[in-house]
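Enquirer: Have a peek at target.txt (compact mmCIF, C-alpha atoms).
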# COMPACT_ATOMS: atom_id res chain seq x y z
CA MET A 1 -0.36 -54.24 -3.09
CA ASN A 2 2.04 -54.23 -5.99
CA ILE A 3 3.93 -51.32 -7.59
CA SER A 4 6.11 -51.58 -10.66
CA VAL A 5 7.78 -49.21 -13.10
CA GLU A 6 8.31 -49.76 -16.83
CA ASN A 7 10.58 -47.51 -18.85
CA VAL A 8 8.93 -46.46 -22.11
CA ASP A 9 12.13 -44.71 -23.21
CA LYS A 10 14.97 -42.81 -21.54
CA VAL A 11 12.75 -40.03 -20.24
CA ASN A 12 9.28 -41.56 -19.97
CA ALA A 13 8.00 -44.37 -17.74
CA LEU A 14 4.77 -46.11 -16.74
CA LEU A 15 4.17 -46.63 -13.04
CA THR A 16 1.53 -49.25 -12.20
CA LEU A 17 0.02 -49.66 -8.75
CA THR A 18 -2.42 -52.47 -7.90
CA LEU A 19 -4.49 -52.54 -4.71
CA GLU A 20 -6.44 -55.49 -3.32
CA LYS A 21 -9.27 -55.20 -0.82
CA ALA A 22 -6.98 -56.22 2.05
CA ASP A 23 -4.77 -53.20 1.29
CA TYR A 24 -7.45 -50.62 2.05
CA GLU A 25 -10.22 -52.44 3.98
CA GLU A 26 -8.89 -51.56 7.44
CA LYS A 27 -8.62 -47.85 6.64
CA VAL A 28 -12.12 -47.81 5.13
CA THR A 29 -13.53 -49.48 8.27
CA ALA A 30 -11.78 -46.93 10.51
CA ALA A 31 -13.06 -44.07 8.36
CA MET A 32 -16.63 -45.41 8.51
CA LYS A 33 -16.42 -45.69 12.32
CA ASP A 34 -15.18 -42.12 12.54
CA LEU A 35 -17.99 -41.02 10.24
CA ARG A 36 -20.57 -42.78 12.45
CA LYS A 37 -19.41 -40.77 15.47
CA LYS A 38 -20.13 -37.52 13.62
CA ALA A 39 -23.04 -38.49 11.35
CA SER A 40 -26.42 -36.90 12.00
CA LEU A 41 -29.35 -38.21 9.95
CA PRO A 42 -33.07 -37.55 10.43
CA GLY A 43 -34.54 -40.01 12.95
CA PHE A 44 -31.24 -40.88 14.59
CA ARG A 45 -29.28 -39.33 17.39
CA PRO A 46 -25.68 -38.30 16.58
CA GLY A 47 -23.44 -41.33 16.77
CA MET A 48 -26.35 -43.81 16.61
CA VAL A 49 -26.90 -44.11 12.83
CA PRO A 50 -26.79 -47.82 11.85
CA MET A 51 -23.53 -48.78 10.12
CA GLY A 52 -25.47 -50.56 7.38
CA LEU A 53 -27.29 -47.36 6.48
CA LEU A 54 -24.03 -45.38 6.49
CA LYS A 55 -22.34 -47.91 4.21
CA LYS A 56 -25.26 -47.78 1.83
CA ARG A 57 -25.19 -43.99 1.63
CA PHE A 58 -21.49 -43.21 2.00
CA GLY A 59 -19.55 -46.46 1.58
CA THR A 60 -18.60 -45.90 -2.07
CA SER A 61 -17.31 -42.34 -1.57
CA VAL A 62 -15.41 -43.28 1.62
CA THR A 63 -13.79 -46.21 -0.19
CA ALA A 64 -12.81 -43.94 -3.09
CA ASP A 65 -11.30 -41.37 -0.71
CA GLU A 66 -9.27 -43.91 1.25
CA VAL A 67 -8.04 -45.70 -1.88
CA ASN A 68 -6.95 -42.40 -3.43
CA LYS A 69 -5.11 -41.45 -0.23
CA ILE A 70 -3.24 -44.78 -0.25
CA VAL A 71 -2.42 -44.45 -3.94
CA GLY A 72 -0.96 -40.97 -3.41
CA THR A 73 1.06 -41.97 -0.36
CA GLU A 74 2.41 -45.20 -1.84
CA LEU A 75 3.14 -43.63 -5.20
CA TYR A 76 5.45 -40.96 -3.79
CA LYS A 77 6.94 -43.40 -1.29
CA TYR A 78 7.90 -45.71 -4.16
CA ILE A 79 9.36 -42.84 -6.19
CA ARG A 80 11.41 -41.76 -3.18
CA GLU A 81 12.64 -45.27 -2.31
CA GLN A 82 13.52 -46.13 -5.89
CA LYS A 83 15.27 -42.74 -6.29
CA LEU A 84 13.36 -41.99 -9.47
CA ASN A 85 14.28 -38.51 -10.70
CA VAL A 86 10.76 -37.44 -11.63
CA LEU A 87 9.82 -34.15 -13.28
CA GLY A 88 6.49 -32.72 -12.22
CA GLU A 89 3.54 -34.80 -11.09
CA PRO A 90 2.74 -38.34 -12.23
CA LEU A 91 -0.42 -38.19 -14.37
CA PRO A 92 -3.03 -40.91 -15.08
CA ASN A 93 -2.27 -42.73 -18.32
CA GLU A 94 -4.94 -41.89 -20.88
CA GLU A 95 -4.74 -45.21 -22.78
CA LYS A 96 -3.76 -48.02 -20.39
CA GLN A 97 -5.70 -46.99 -17.29
CA PRO A 98 -8.37 -49.69 -16.61
CA ARG A 99 -11.92 -48.67 -15.76
CA ILE A 100 -12.41 -48.01 -12.04
CA ASP A 101 -15.78 -48.61 -10.34
CA PHE A 102 -15.62 -48.23 -6.56
CA GLU A 103 -19.20 -49.46 -6.20
CA THR A 104 -18.74 -52.89 -7.81
CA MET A 105 -14.97 -53.60 -7.72
CA ASP A 106 -12.71 -54.77 -4.88
CA ASP A 107 -9.33 -54.68 -6.63
CA PHE A 108 -8.01 -51.62 -8.44
CA THR A 109 -5.17 -50.94 -10.86
CA PHE A 110 -3.83 -47.47 -11.47
CA VAL A 111 -1.45 -46.63 -14.31
CA PHE A 112 0.49 -43.35 -14.30
CA ASP A 113 2.66 -41.60 -16.85
CA VAL A 114 5.91 -40.38 -15.29
CA ALA A 115 8.33 -37.84 -16.77
CA LEU A 116 11.93 -38.73 -15.94
CA ALA A 117 14.77 -36.23 -15.75
CA PRO A 118 17.35 -36.71 -18.52
CA GLU A 119 20.77 -37.97 -17.54
CA PHE A 120 23.78 -35.73 -18.18
CA ASP A 121 26.98 -34.74 -16.38
CA ALA A 122 27.17 -31.17 -15.05
CA LYS A 123 29.95 -31.76 -12.53
CA ILE A 124 32.83 -29.28 -12.56
CA SER A 125 36.55 -29.49 -11.83
CA ASP A 126 39.71 -27.44 -12.23
CA LYS A 127 39.69 -28.48 -15.90
CA ASP A 128 36.71 -26.21 -16.47
CA THR A 129 37.48 -22.52 -17.11
CA VAL A 130 34.93 -19.73 -16.66
CA PRO A 131 35.59 -15.96 -16.76
CA TYR A 132 35.22 -13.88 -13.61
CA TYR A 133 35.02 -10.09 -13.83
CA ASP A 134 36.42 -7.97 -10.99
CA ILE A 135 34.87 -4.50 -11.15
CA LYS A 136 37.32 -1.72 -10.35
CA VAL A 137 36.26 0.87 -7.79
CA ASP A 138 37.85 4.08 -9.07
CA GLU A 139 38.11 7.36 -7.19
CA LYS A 140 35.69 9.11 -9.53
CA MET A 141 32.95 6.68 -8.50
CA VAL A 142 33.71 7.24 -4.82
CA GLU A 143 33.57 11.02 -5.26
CA GLU A 144 30.31 10.78 -7.20
CA GLN A 145 28.81 8.73 -4.38
CA ILE A 146 29.93 11.30 -1.80
CA GLU A 147 28.32 14.03 -3.93
CA SER A 148 25.15 11.95 -4.15
CA TYR A 149 24.94 11.64 -0.37
CA ALA A 150 25.56 15.38 -0.05
CA ARG A 151 22.70 16.10 -2.46
CA ARG A 152 20.38 13.78 -0.57
CA GLY A 153 21.24 15.46 2.70
CA GLY A 154 20.84 18.99 1.31
CA SER A 155 18.10 21.56 1.84
CA TYR A 156 16.32 24.39 0.02
CA GLN A 157 17.69 27.88 0.67
CA LYS A 158 16.28 31.26 -0.36
CA VAL A 159 18.63 33.26 -2.59
CA GLU A 160 18.52 36.68 -4.24
CA SER A 161 19.65 35.91 -7.80
CA PHE A 162 18.52 33.12 -10.17
CA GLU A 163 20.85 30.38 -11.43
CA THR A 164 20.03 27.36 -13.58
CA GLY A 165 18.24 24.76 -11.48
CA ASP A 166 16.64 27.26 -9.10
CA MET A 167 12.93 27.38 -8.36
CA VAL A 168 11.04 30.67 -8.63
CA LYS A 169 7.75 31.73 -7.09
CA GLY A 170 5.77 34.83 -7.91
CA LEU A 171 2.80 36.56 -9.52
CA LEU A 172 1.92 35.32 -12.99
CA THR A 173 -0.27 37.68 -15.05
CA GLN A 174 -1.63 37.36 -18.60
CA LEU A 175 -0.77 40.21 -21.02
CA ASP A 176 -2.53 41.61 -24.07
CA GLU A 177 -0.91 42.17 -27.46
CA GLN A 178 0.40 45.58 -26.32
CA GLY A 179 2.15 44.02 -23.31
CA SER A 180 -0.28 45.41 -20.77
CA THR A 181 -2.23 43.42 -18.20
CA LEU A 182 -5.13 41.71 -19.99
CA GLU A 183 -8.44 42.79 -18.45
CA GLY A 184 -10.20 39.65 -17.16
CA GLY A 185 -7.14 37.59 -18.08
CA LEU A 186 -5.50 34.79 -16.13
CA SER A 187 -3.63 35.56 -12.95
CA VAL A 188 -1.91 33.15 -10.59
CA ASP A 189 -0.51 34.30 -7.28
CA ASP A 190 2.40 32.29 -5.89
CA ALA A 191 2.94 30.45 -9.18
CA VAL A 192 5.91 28.08 -8.94
CA MET A 193 8.24 27.29 -11.84
CA LEU A 194 11.55 25.60 -12.60
CA PRO A 195 12.75 27.60 -15.62
CA GLY A 196 15.64 25.21 -16.19
CA TYR A 197 13.14 22.51 -17.14
CA MET A 198 11.27 24.56 -19.74
CA LYS A 199 11.34 22.93 -23.17
CA ASP A 200 12.10 26.18 -25.03
CA LYS A 201 15.61 27.38 -24.21
CA ASP A 202 14.88 30.95 -25.41
CA GLU A 203 12.16 31.19 -22.77
CA THR A 204 14.49 29.71 -20.15
CA ALA A 205 17.14 32.31 -21.01
CA LYS A 206 14.76 35.14 -20.06
CA PHE A 207 15.17 34.14 -16.39
CA SER A 208 18.96 34.24 -16.43
CA GLY A 209 20.28 36.41 -13.59
CA VAL A 210 16.88 37.75 -12.47
CA LYS A 211 16.54 38.90 -8.88
CA VAL A 212 13.76 39.05 -6.32
CA ASP A 213 11.17 41.72 -7.33
CA ASP A 214 12.28 41.66 -10.99
CA VAL A 215 9.56 41.23 -13.63
CA VAL A 216 10.09 38.79 -16.50
CA THR A 217 7.96 38.70 -19.65
CA PHE A 218 7.80 35.22 -21.21
CA ASN A 219 5.43 32.97 -23.13
CA PRO A 220 4.25 29.91 -21.14
CA ALA A 221 2.77 28.28 -24.25
CA LYS A 222 6.22 28.28 -25.86
CA ALA A 223 7.96 27.35 -22.61
CA TYR A 224 5.79 24.24 -22.25
CA ALA A 225 5.11 23.65 -25.93
CA GLU A 226 5.25 19.87 -25.65
CA SER A 227 2.95 19.53 -22.64
CA SER A 228 -0.44 21.17 -22.30
CA VAL A 229 -0.73 19.28 -19.00
CA GLU A 230 2.22 21.20 -17.51
CA LEU A 231 0.82 24.47 -18.87
CA ALA A 232 -2.61 23.74 -17.40
CA SER A 233 -1.04 22.94 -14.02
CA LEU A 234 0.93 26.19 -14.03
CA LEU A 235 -2.08 28.36 -14.96
CA HIS A 236 -4.59 26.45 -12.79
CA ILE A 237 -6.90 25.73 -15.73
CA THR A 238 -8.00 22.63 -17.63
CA LYS A 239 -5.92 20.97 -20.31
CA GLU A 240 -8.49 21.95 -22.93
CA GLU A 241 -8.40 25.58 -21.81
CA ALA A 242 -4.61 25.57 -21.80
CA GLU A 243 -4.51 24.56 -25.47
CA GLY A 244 -6.08 27.93 -26.34
CA VAL A 245 -3.65 30.09 -24.34
CA LYS A 246 -0.94 31.58 -26.59
CA SER A 247 -0.26 35.04 -25.11
CA ASP A 248 2.71 36.37 -23.13
CA PHE A 249 2.64 36.61 -19.34
CA SER A 250 4.48 38.76 -16.87
CA PHE A 251 6.09 37.10 -13.89
CA GLN A 252 7.01 39.18 -10.83
CA VAL A 253 9.60 37.25 -8.86
CA LYS A 254 8.73 37.06 -5.17
CA GLU A 255 11.07 34.26 -4.12
CA ILE A 256 14.02 32.30 -5.52
CA THR A 257 14.86 28.96 -3.92
CA ARG A 258 18.00 26.91 -4.50
CA TYR A 259 18.73 23.37 -3.39
CA GLN A 260 22.03 23.38 -1.55
CA PRO A 261 23.86 20.06 -1.06
CA ALA A 262 24.85 19.29 2.51
CA GLU A 263 28.40 20.01 3.58
CA VAL A 264 30.63 16.94 3.60
CA ASN A 265 31.26 16.99 7.33
CA GLN A 266 30.67 14.98 10.51
CA GLU A 267 26.95 15.72 10.45
CA LEU A 268 26.64 14.09 7.01
CA PHE A 269 28.84 11.12 8.02
CA ASP A 270 26.65 10.52 11.08
CA SER A 271 23.39 10.78 9.14
CA ILE A 272 24.56 8.17 6.63
CA LEU A 273 26.56 5.72 8.75
CA GLY A 274 25.61 6.45 12.35
CA LYS A 275 27.15 8.43 15.16
CA ASP A 276 30.97 8.57 14.95
CA VAL A 277 31.29 5.46 12.74
CA VAL A 278 33.77 7.50 10.69
CA LYS A 279 35.38 10.79 11.71
CA SER A 280 36.94 12.22 8.56
CA ARG A 281 36.33 12.61 4.85
CA ASP A 282 39.04 10.04 4.11
CA GLU A 283 37.41 7.50 6.44
CA PHE A 284 34.03 8.21 4.84
CA ALA A 285 35.50 7.67 1.35
CA ASP A 286 37.19 4.46 2.49
CA ARG A 287 33.90 3.11 3.87
CA ILE A 288 32.13 3.95 0.61
CA ARG A 289 34.94 2.26 -1.33
CA LYS A 290 34.55 -0.94 0.72
CA ASP A 291 30.75 -0.94 0.40
CA MET A 292 31.05 -0.51 -3.36
CA ALA A 293 33.55 -3.35 -3.58
CA ARG A 294 31.16 -5.61 -1.64
CA ASP A 295 28.20 -4.70 -3.84
CA PHE A 296 30.27 -5.07 -7.01
CA ALA A 297 31.34 -8.55 -5.84
CA THR A 298 27.65 -9.48 -5.75
CA ASP A 299 27.26 -8.18 -9.31
CA SER A 300 30.36 -10.12 -10.37
CA ASP A 301 28.91 -13.31 -8.91
CA ILE A 302 25.65 -12.79 -10.81
CA LYS A 303 27.64 -12.44 -14.04
CA PHE A 304 29.75 -15.47 -13.07
CA MET A 305 26.61 -17.61 -12.65
CA ARG A 306 25.34 -16.48 -16.04
CA ASP A 307 28.64 -17.43 -17.64
CA LEU A 308 28.72 -20.73 -15.75
CA ARG A 309 25.23 -21.49 -17.02
CA SER A 310 26.23 -20.72 -20.61
CA TYR A 311 29.42 -22.75 -20.29
CA LEU A 312 27.76 -25.85 -18.83
CA THR A 313 24.77 -25.66 -21.16
CA GLU A 314 27.13 -25.61 -24.13
CA ARG A 315 29.38 -28.33 -22.66
CA ILE A 316 26.45 -30.65 -21.96
CA GLY A 317 24.93 -30.06 -25.38
CA GLN A 318 21.53 -31.19 -26.57
CA VAL A 319 19.44 -32.91 -23.90
CA GLU A 320 16.34 -35.02 -24.51
CA PHE A 321 13.34 -34.07 -22.37
CA PRO A 322 9.92 -35.79 -22.09
CA GLU A 323 8.40 -32.86 -23.93
CA ALA A 324 4.92 -34.30 -24.54
CA MET A 325 4.52 -35.13 -20.85
CA LEU A 326 5.94 -31.78 -19.70
CA ARG A 327 3.67 -29.89 -22.07
CA ARG A 328 0.72 -31.85 -20.67
CA ILE A 329 1.73 -30.89 -17.11
CA MET A 330 2.14 -27.26 -18.19
CA LYS A 331 -1.38 -27.24 -19.66
CA LEU A 332 -2.88 -28.69 -16.49
CA ASN A 333 -1.15 -25.96 -14.46
CA ASN A 334 -2.40 -23.24 -16.83
CA PRO A 335 -5.95 -24.28 -17.80
CA ASP A 336 -6.92 -20.77 -18.91
CA LYS A 337 -4.12 -20.46 -21.52
CA ASP A 338 -4.43 -21.18 -25.25
CA GLU A 339 -2.07 -23.10 -27.55
CA ALA A 340 -0.29 -19.93 -28.62
CA TYR A 341 0.77 -19.36 -25.01
CA PHE A 342 2.32 -22.83 -24.76
CA ASP A 343 4.00 -22.54 -28.16
CA GLU A 344 5.61 -19.27 -27.04
CA ASN A 345 6.58 -20.22 -23.48
CA PHE A 346 7.39 -23.94 -23.65
CA PRO A 347 10.93 -23.58 -25.11
CA GLY A 348 11.87 -21.15 -22.33
CA THR A 349 10.39 -23.49 -19.74
CA ILE A 350 12.60 -26.31 -21.01
CA GLU A 351 15.70 -24.08 -20.82
CA GLU A 352 14.90 -23.08 -17.24
CA LEU A 353 14.27 -26.72 -16.33
CA LYS A 354 17.65 -27.69 -17.77
CA TRP A 355 19.35 -25.01 -15.66
CA HIS A 356 17.42 -26.18 -12.59
CA LEU A 357 18.70 -29.73 -13.10
CA ILE A 358 22.25 -28.43 -13.62
CA LYS A 359 22.02 -26.56 -10.31
CA GLU A 360 20.73 -29.69 -8.58
CA GLN A 361 23.79 -31.62 -9.75
CA LEU A 362 26.13 -28.83 -8.70
CA SER A 363 24.45 -28.64 -5.30
CA ASP A 364 24.95 -32.37 -4.80
CA GLN A 365 28.57 -32.26 -5.95
CA LEU A 366 29.50 -29.16 -3.94
CA GLY A 367 27.56 -30.14 -0.82
CA ILE A 368 25.23 -27.15 -0.94
CA LYS A 369 22.71 -27.05 1.89
CA VAL A 370 20.32 -24.17 2.48
CA GLU A 371 19.02 -23.46 5.97
CA GLN A 372 16.32 -20.99 6.99
CA ALA A 373 19.01 -18.75 8.49
CA ASP A 374 20.75 -18.60 5.08
CA VAL A 375 17.55 -17.42 3.38
CA ILE A 376 16.98 -14.78 6.07
CA GLU A 377 20.51 -13.47 5.49
CA THR A 378 19.80 -13.27 1.75
CA ALA A 379 16.60 -11.36 2.46
CA LYS A 380 18.45 -9.02 4.84
CA GLU A 381 21.10 -8.33 2.21
CA ALA A 382 18.38 -7.59 -0.36
CA ALA A 383 16.79 -5.19 2.13
CA ARG A 384 20.14 -3.59 2.94
CA MET A 385 20.86 -2.90 -0.75
CA GLN A 386 17.37 -1.57 -1.30
CA PHE A 387 17.57 0.89 1.60
CA ALA A 388 21.12 1.88 0.65
CA GLN A 389 19.77 3.24 -2.64
CA TYR A 390 17.99 5.88 -0.59
CA GLY A 391 21.02 6.68 1.55
CA MET A 392 19.82 4.58 4.51
CA MET A 393 23.00 2.70 5.31
CA ASN A 394 22.88 2.39 9.06
CA LEU A 395 19.66 0.49 9.74
CA PRO A 396 19.72 -1.65 12.91
CA ASP A 397 20.06 -5.38 12.38
CA GLU A 398 16.73 -6.07 14.09
CA TYR A 399 14.99 -3.78 11.57
CA LEU A 400 16.57 -5.60 8.63
CA THR A 401 15.60 -8.94 10.20
CA GLN A 402 12.01 -7.80 10.62
CA TYR A 403 11.90 -6.58 7.02
CA ALA A 404 13.41 -9.88 5.82
CA ASN A 405 10.81 -11.92 7.71
CA ASN A 406 8.05 -9.85 6.13
CA LEU A 407 9.49 -10.57 2.68
CA LEU A 408 9.49 -14.29 3.43
CA LYS A 409 5.79 -14.27 4.25
CA ASP A 410 5.06 -13.83 0.56
CA LYS A 411 5.33 -17.21 -1.18
CA ALA A 412 6.66 -15.86 -4.47
CA GLN A 413 9.22 -13.67 -2.69
CA ALA A 414 10.28 -16.57 -0.48
CA GLU A 415 10.78 -18.91 -3.46
CA GLY A 416 12.87 -16.27 -5.22
CA LEU A 417 15.02 -15.72 -2.14
CA VAL A 418 15.59 -19.46 -1.71
CA ALA A 419 16.68 -19.72 -5.36
CA GLN A 420 18.96 -16.71 -4.89
CA THR A 421 20.48 -18.29 -1.78
CA VAL A 422 21.18 -21.53 -3.67
CA GLU A 423 22.89 -19.65 -6.50
CA THR A 424 24.96 -17.58 -4.05
CA LYS A 425 26.22 -20.74 -2.36
CA ILE A 426 26.89 -22.47 -5.68
CA ALA A 427 28.86 -19.43 -6.88
CA ALA A 428 31.03 -19.42 -3.76
CA LYS A 429 31.86 -23.16 -4.01
CA ALA A 430 32.19 -23.20 -7.81
CA LYS A 431 34.79 -20.41 -7.69
CA GLU A 432 36.89 -22.65 -5.44
CA THR A 433 36.43 -25.71 -7.65
CA LEU A 434 36.90 -24.67 -11.27
CA LYS A 435 39.52 -22.46 -12.89
CA LEU A 436 38.69 -18.75 -12.93
CA GLN A 437 39.82 -16.61 -15.83
CA LYS A 438 39.94 -13.32 -13.91
CA LYS A 439 39.51 -10.04 -15.75
CA SER A 440 39.54 -6.53 -14.27
CA VAL A 441 36.93 -4.21 -15.82
CA THR A 442 35.42 -0.80 -15.26
CA MET A 443 31.76 -0.47 -14.31
CA ALA A 444 30.98 0.81 -17.82
CA GLU A 445 32.66 -2.23 -19.37
CA PHE A 446 30.84 -4.52 -16.95
CA ASN A 447 27.47 -2.97 -17.80
CA GLU A 448 28.15 -3.65 -21.47
CA LEU A 449 28.92 -7.29 -20.65
CA MET A 450 25.65 -7.59 -18.73
CA LYS A 451 23.51 -6.38 -21.63
Could you rewrite the structure in this file as structure tokens?
Expert:
Amino acid sequence: MNISVENVDKVNALLTLTLEKADYEEKVTAAMKDLRKKASLPGFRPGMVPMGLLKKRFGTSVTADEVNKIVGTELYKYIREQKLNVLGEPLPNEEKQPRIDFETMDDFTFVFDVALAPEFDAKISDKDTVPYYDIKVDEKMVEEQIESYARRGGSYQKVESFETGDMVKGLLTQLDEQGSTLEGGLSVDDAVMLPGYMKDKDETAKFSGVKVDDVVTFNPAKAYAESSVELASLLHITKEEAEGVKSDFSFQVKEITRYQPAEVNQELFDSILGKDVVKSRDEFADRIRKDMARDFATDSDIKFMRDLRSYLTERIGQVEFPEAMLRRIMKLNNPDKDEAYFDENFPGTIEELKWHLIKEQLSDQLGIKVEQADVIETAKEAARMQFAQYGMMNLPDEYLTQYANNLLKDKAQAEGLVAQTVETKIAAKAKETLKLQKKSVTMAEFNELMK
């Protein structure tokens, strides 16, 4: 067996592998013996089919299978041993590949096109400067978060007088042109409305200050002028029927309900953080402040990695890629796509590939290693942030671990979490290695930077 590589240019190579009969004969013989143990042909007991008959019927396909296995194994072994930085899969050369006939030939030559990664220097040092944005946690944000938790922990209470935002329930009755109940008209008992969300403010104003048992005359068609669907839902009729309803209605208020935020007290602290984790409003605010700072640090690192990418991409400059070979690989991986798809997506693919290679160099330089435990921690943090959006801040660690493991069962999710873990580790090491140009910004300013 002989394997050799020939550079076509800086980013393309030909890899040639030649096999003689002695290279594969032993494996073919072993495969044929194994086949004989299992073969069952008419007229022969299992395991007793003559080898000559088996070779005649299956020898060519068995030889092809074993040769292809050896080619695959030896090809990647050679690439690994020679430390060839290959992009994608080696593909059979369409011009120099000799004809292969497993039925008549003993020696075989395989020629593969190989895409090589371009060479460039992405290493960083303290001579490299990248901005880093510290997001300020101001007291207004802390208070707004406390108010948010209070709203989430609130409840609906019955009240006697209507205020903006309240919900009303009552008897809805269609009126004639004289303002009397329309005979045979629409009537909805226990109709529920949120007057504050009506599109017509004049109609909304008619509910201002009303009390239980008051009667309000209003026009639903005007109140919900922009949505016949909402009107139909209110009147319990079809959308088509609702489009023909233009008359006034009376509404006798039976019940007014108001959503009352929870009191900011120990009960709220315990529901958010767990029993007696904090014992005062100041401690609660301090915990929120620390959680915000931690989450903002994650956002700052994401921005830092974007800026690092831009900085290194610009510093490295134009890079030559084996575009014809990469486009060929892309087409093989997307056989159902047309040329327009590749024209649109190929430039972005090249940019992502360049960033991937930059991260590989940084990982090597900074000694980045990712273990399964690291990925689980990333998944747990993603779960923690997701649940925190709904006010669930005190989930047990075993629950987060279970949720993380479920995320990792999905291949696409797992790949994304591995990539996120790599970037998190690169960010931590890169901040220690290069020079940070630190800038303190508000959340509003940071959001503008992230656009």
Enquirer: Using only C-alpha atoms, determine which residues lie at most 10 Å from A:Met198, disregarding the query and same-chain residues fewer than 5 positions distant; provide the list as a PDB file with C-alpha atoms, in the frame of the given file.
Expert:
ATOM      1  CA  MET A 193       8.240  27.290 -11.840  1.00  0.00           C
ATOM      2  CA  GLU A 203      12.160  31.190 -22.770  1.00  0.00           C
ATOM      3  CA  THR A 204      14.490  29.710 -20.150  1.00  0.00           C
ATOM      4  CA  ALA A 205      17.140  32.310 -21.010  1.00  0.00           C
ATOM      5  CA  PRO A 220       4.250  29.910 -21.140  1.00  0.00           C
ATOM      6  CA  LYS A 222       6.220  28.280 -25.860  1.00  0.00           C
ATOM      7  CA  ALA A 223       7.960  27.350 -22.610  1.00  0.00           C
ATOM      8  CA  TYR A 224       5.790  24.240 -22.250  1.00  0.00           C
ATOM      9  CA  ALA A 225       5.110  23.650 -25.930  1.00  0.00           C
ATOM     10  CA  GLU A 226       5.250  19.870 -25.650  1.00  0.00           C
ATOM     11  CA  GLU A 230       2.220  21.200 -17.510  1.00  0.00           C
TER      12      GLU A 230
END
Enquirer: What gap, in Å, lies between atom CA of A:Arg327 and atom CA of A:Phe110?
Expert: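 Between these atoms lies a distance of 21.9 Å.
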Enquirer: Could you jot down the atom CA of A:Asp299 to atom CA of A:Val277 separation for me, Å, one decimal place?
Expert: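 Separation between atom CA of A:Asp299 and atom CA of A:Val277: 26.2 Å.
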Enquirer: Find the spatial neighbours of A:Gln252, counting only C-alpha atoms, within a cut-off of 8 Å - ignore same-chain residues fewer than 4 positions away - and output them as a list in words.
Expert: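 Selected residues are Gly170, Leu171, Leu172, Asp213, Asp214, Val215 and Val216 of chain A.
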Enquirer: Residues as selected, C-alpha atoms, written as a short mmCIF file (atom, residue, chain, number, x, y, z; two decimals), in the coordinates of the input, can you do that?
Expert:
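Output below, filename part.cif:
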data_model
loop_
_atom_site.label_atom_id
_atom_site.label_comp_id
_atom_site.auth_asym_id
_atom_site.auth_seq_id
_atom_site.Cartn_x
_atom_site.Cartn_y
_atom_site.Cartn_z
CA GLY A 170 5.77 34.83 -7.91
CA LEU A 171 2.80 36.56 -9.52
CA LEU A 172 1.92 35.32 -12.99
CA ASP A 213 11.17 41.72 -7.33
CA ASP A 214 12.28 41.66 -10.99
CA VAL A 215 9.56 41.23 -13.63
CA VAL A 216 10.09 38.79 -16.50
#
Enquirer: Work out where the centre of an axis-aligned box around every listed atom of stretch 194-202 of chain A lies and how long its edges are once 8 Å is added on each side; give both in Å to one decimal as AutoDock Vina command-line options.
Expert:
--center_x 13.5 --center_y 26.7 --center_z -19.0 --size_x 20.4 --size_y 24.4 --size_z 28.8
Enquirer: Which residues, written as a list in words, have at least one atom at most 12 Å from A:Gln386, with all atoms listed in the file counted and residues fewer than 5 positions away on the same chain left out?
Expert: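 Skipping anything fewer than 5 positions along the chain leaves Asp295, Ala379, Lys380, Glu381, Gly391, Met392, Met393, Leu395, Leu400, Tyr403 and Ala404 of chain A.
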Enquirer: Stretch 42-98 of chain A near stretch 117-129 of chain A within 12 Å: what's each residue's closest atom pair and its distance in Å to one decimal, counting only C-alpha atoms, ordered by chain then ascending residue number, as CSV?
Expert:
residue,atom,partner,partner_atom,distance
A:Lys83,CA,A:Ala117,CA,11.5
A:Leu84,CA,A:Ala117,CA,8.6
A:Asn85,CA,A:Ala117,CA,5.6
A:Val86,CA,A:Ala117,CA,5.9
A:Leu87,CA,A:Ala117,CA,5.9
A:Gly88,CA,A:Ala117,CA,9.7
Enquirer: What's the 12 Å shell around A:Glu320, counting only C-alpha atoms, without same-chain residues fewer than 6 positions away, as a PyMOL selection string?
Expert: chain A and resi 9-12+115-120+326+350-351+353-354
Enquirer: Generate a file of the selected residues that holds C-alpha atoms, formatted as a PDB file, keeping the file's coordinate frame.
Expert:
ATOM      1  CA  ASP A   9      12.130 -44.710 -23.210  1.00  0.00           C
ATOM      2  CA  LYS A  10      14.970 -42.810 -21.540  1.00  0.00           C
ATOM      3  CA  VAL A  11      12.750 -40.030 -20.240  1.00  0.00           C
ATOM      4  CA  ASN A  12       9.280 -41.560 -19.970  1.00  0.00           C
ATOM      5  CA  ALA A 115       8.330 -37.840 -16.770  1.00  0.00           C
ATOM      6  CA  LEU A 116      11.930 -38.730 -15.940  1.00  0.00           C
ATOM      7  CA  ALA A 117      14.770 -36.230 -15.750  1.00  0.00           C
ATOM      8  CA  PRO A 118      17.350 -36.710 -18.520  1.00  0.00           C
ATOM      9  CA  GLU A 119      20.770 -37.970 -17.540  1.00  0.00           C
ATOM     10  CA  PHE A 120      23.780 -35.730 -18.180  1.00  0.00           C
ATOM     11  CA  LEU A 326       5.940 -31.780 -19.700  1.00  0.00           C
ATOM     12  CA  ILE A 350      12.600 -26.310 -21.010  1.00  0.00           C
ATOM     13  CA  GLU A 351      15.700 -24.080 -20.820  1.00  0.00           C
ATOM     14  CA  LEU A 353      14.270 -26.720 -16.330  1.00  0.00           C
ATOM     15  CA  LYS A 354      17.650 -27.690 -17.770  1.00  0.00           C
TER      16      LYS A 354
END
Enquirer: Distance atom CA of A:His236-atom CA of A:Leu194, one decimal place?
Expert: 16.2 Å
Enquirer: Would you be able to write out as a list in words which residues have an atom within 10 Å of (3.4, -28.3, -18.1) in the file's coordinates, counting all atoms listed in the file?
Expert: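 Within 10 Å of (3.4, -28.3, -18.1), the protein and nucleic acid residues are Leu87, Gly88, Glu89, Glu323, Ala324, Met325, Leu326, Arg327, Arg328, Ile329, Met330, Lys331, Leu332, Asn333, Asn334, Phe342, Phe346, Thr349 and Ile350 of chain A.
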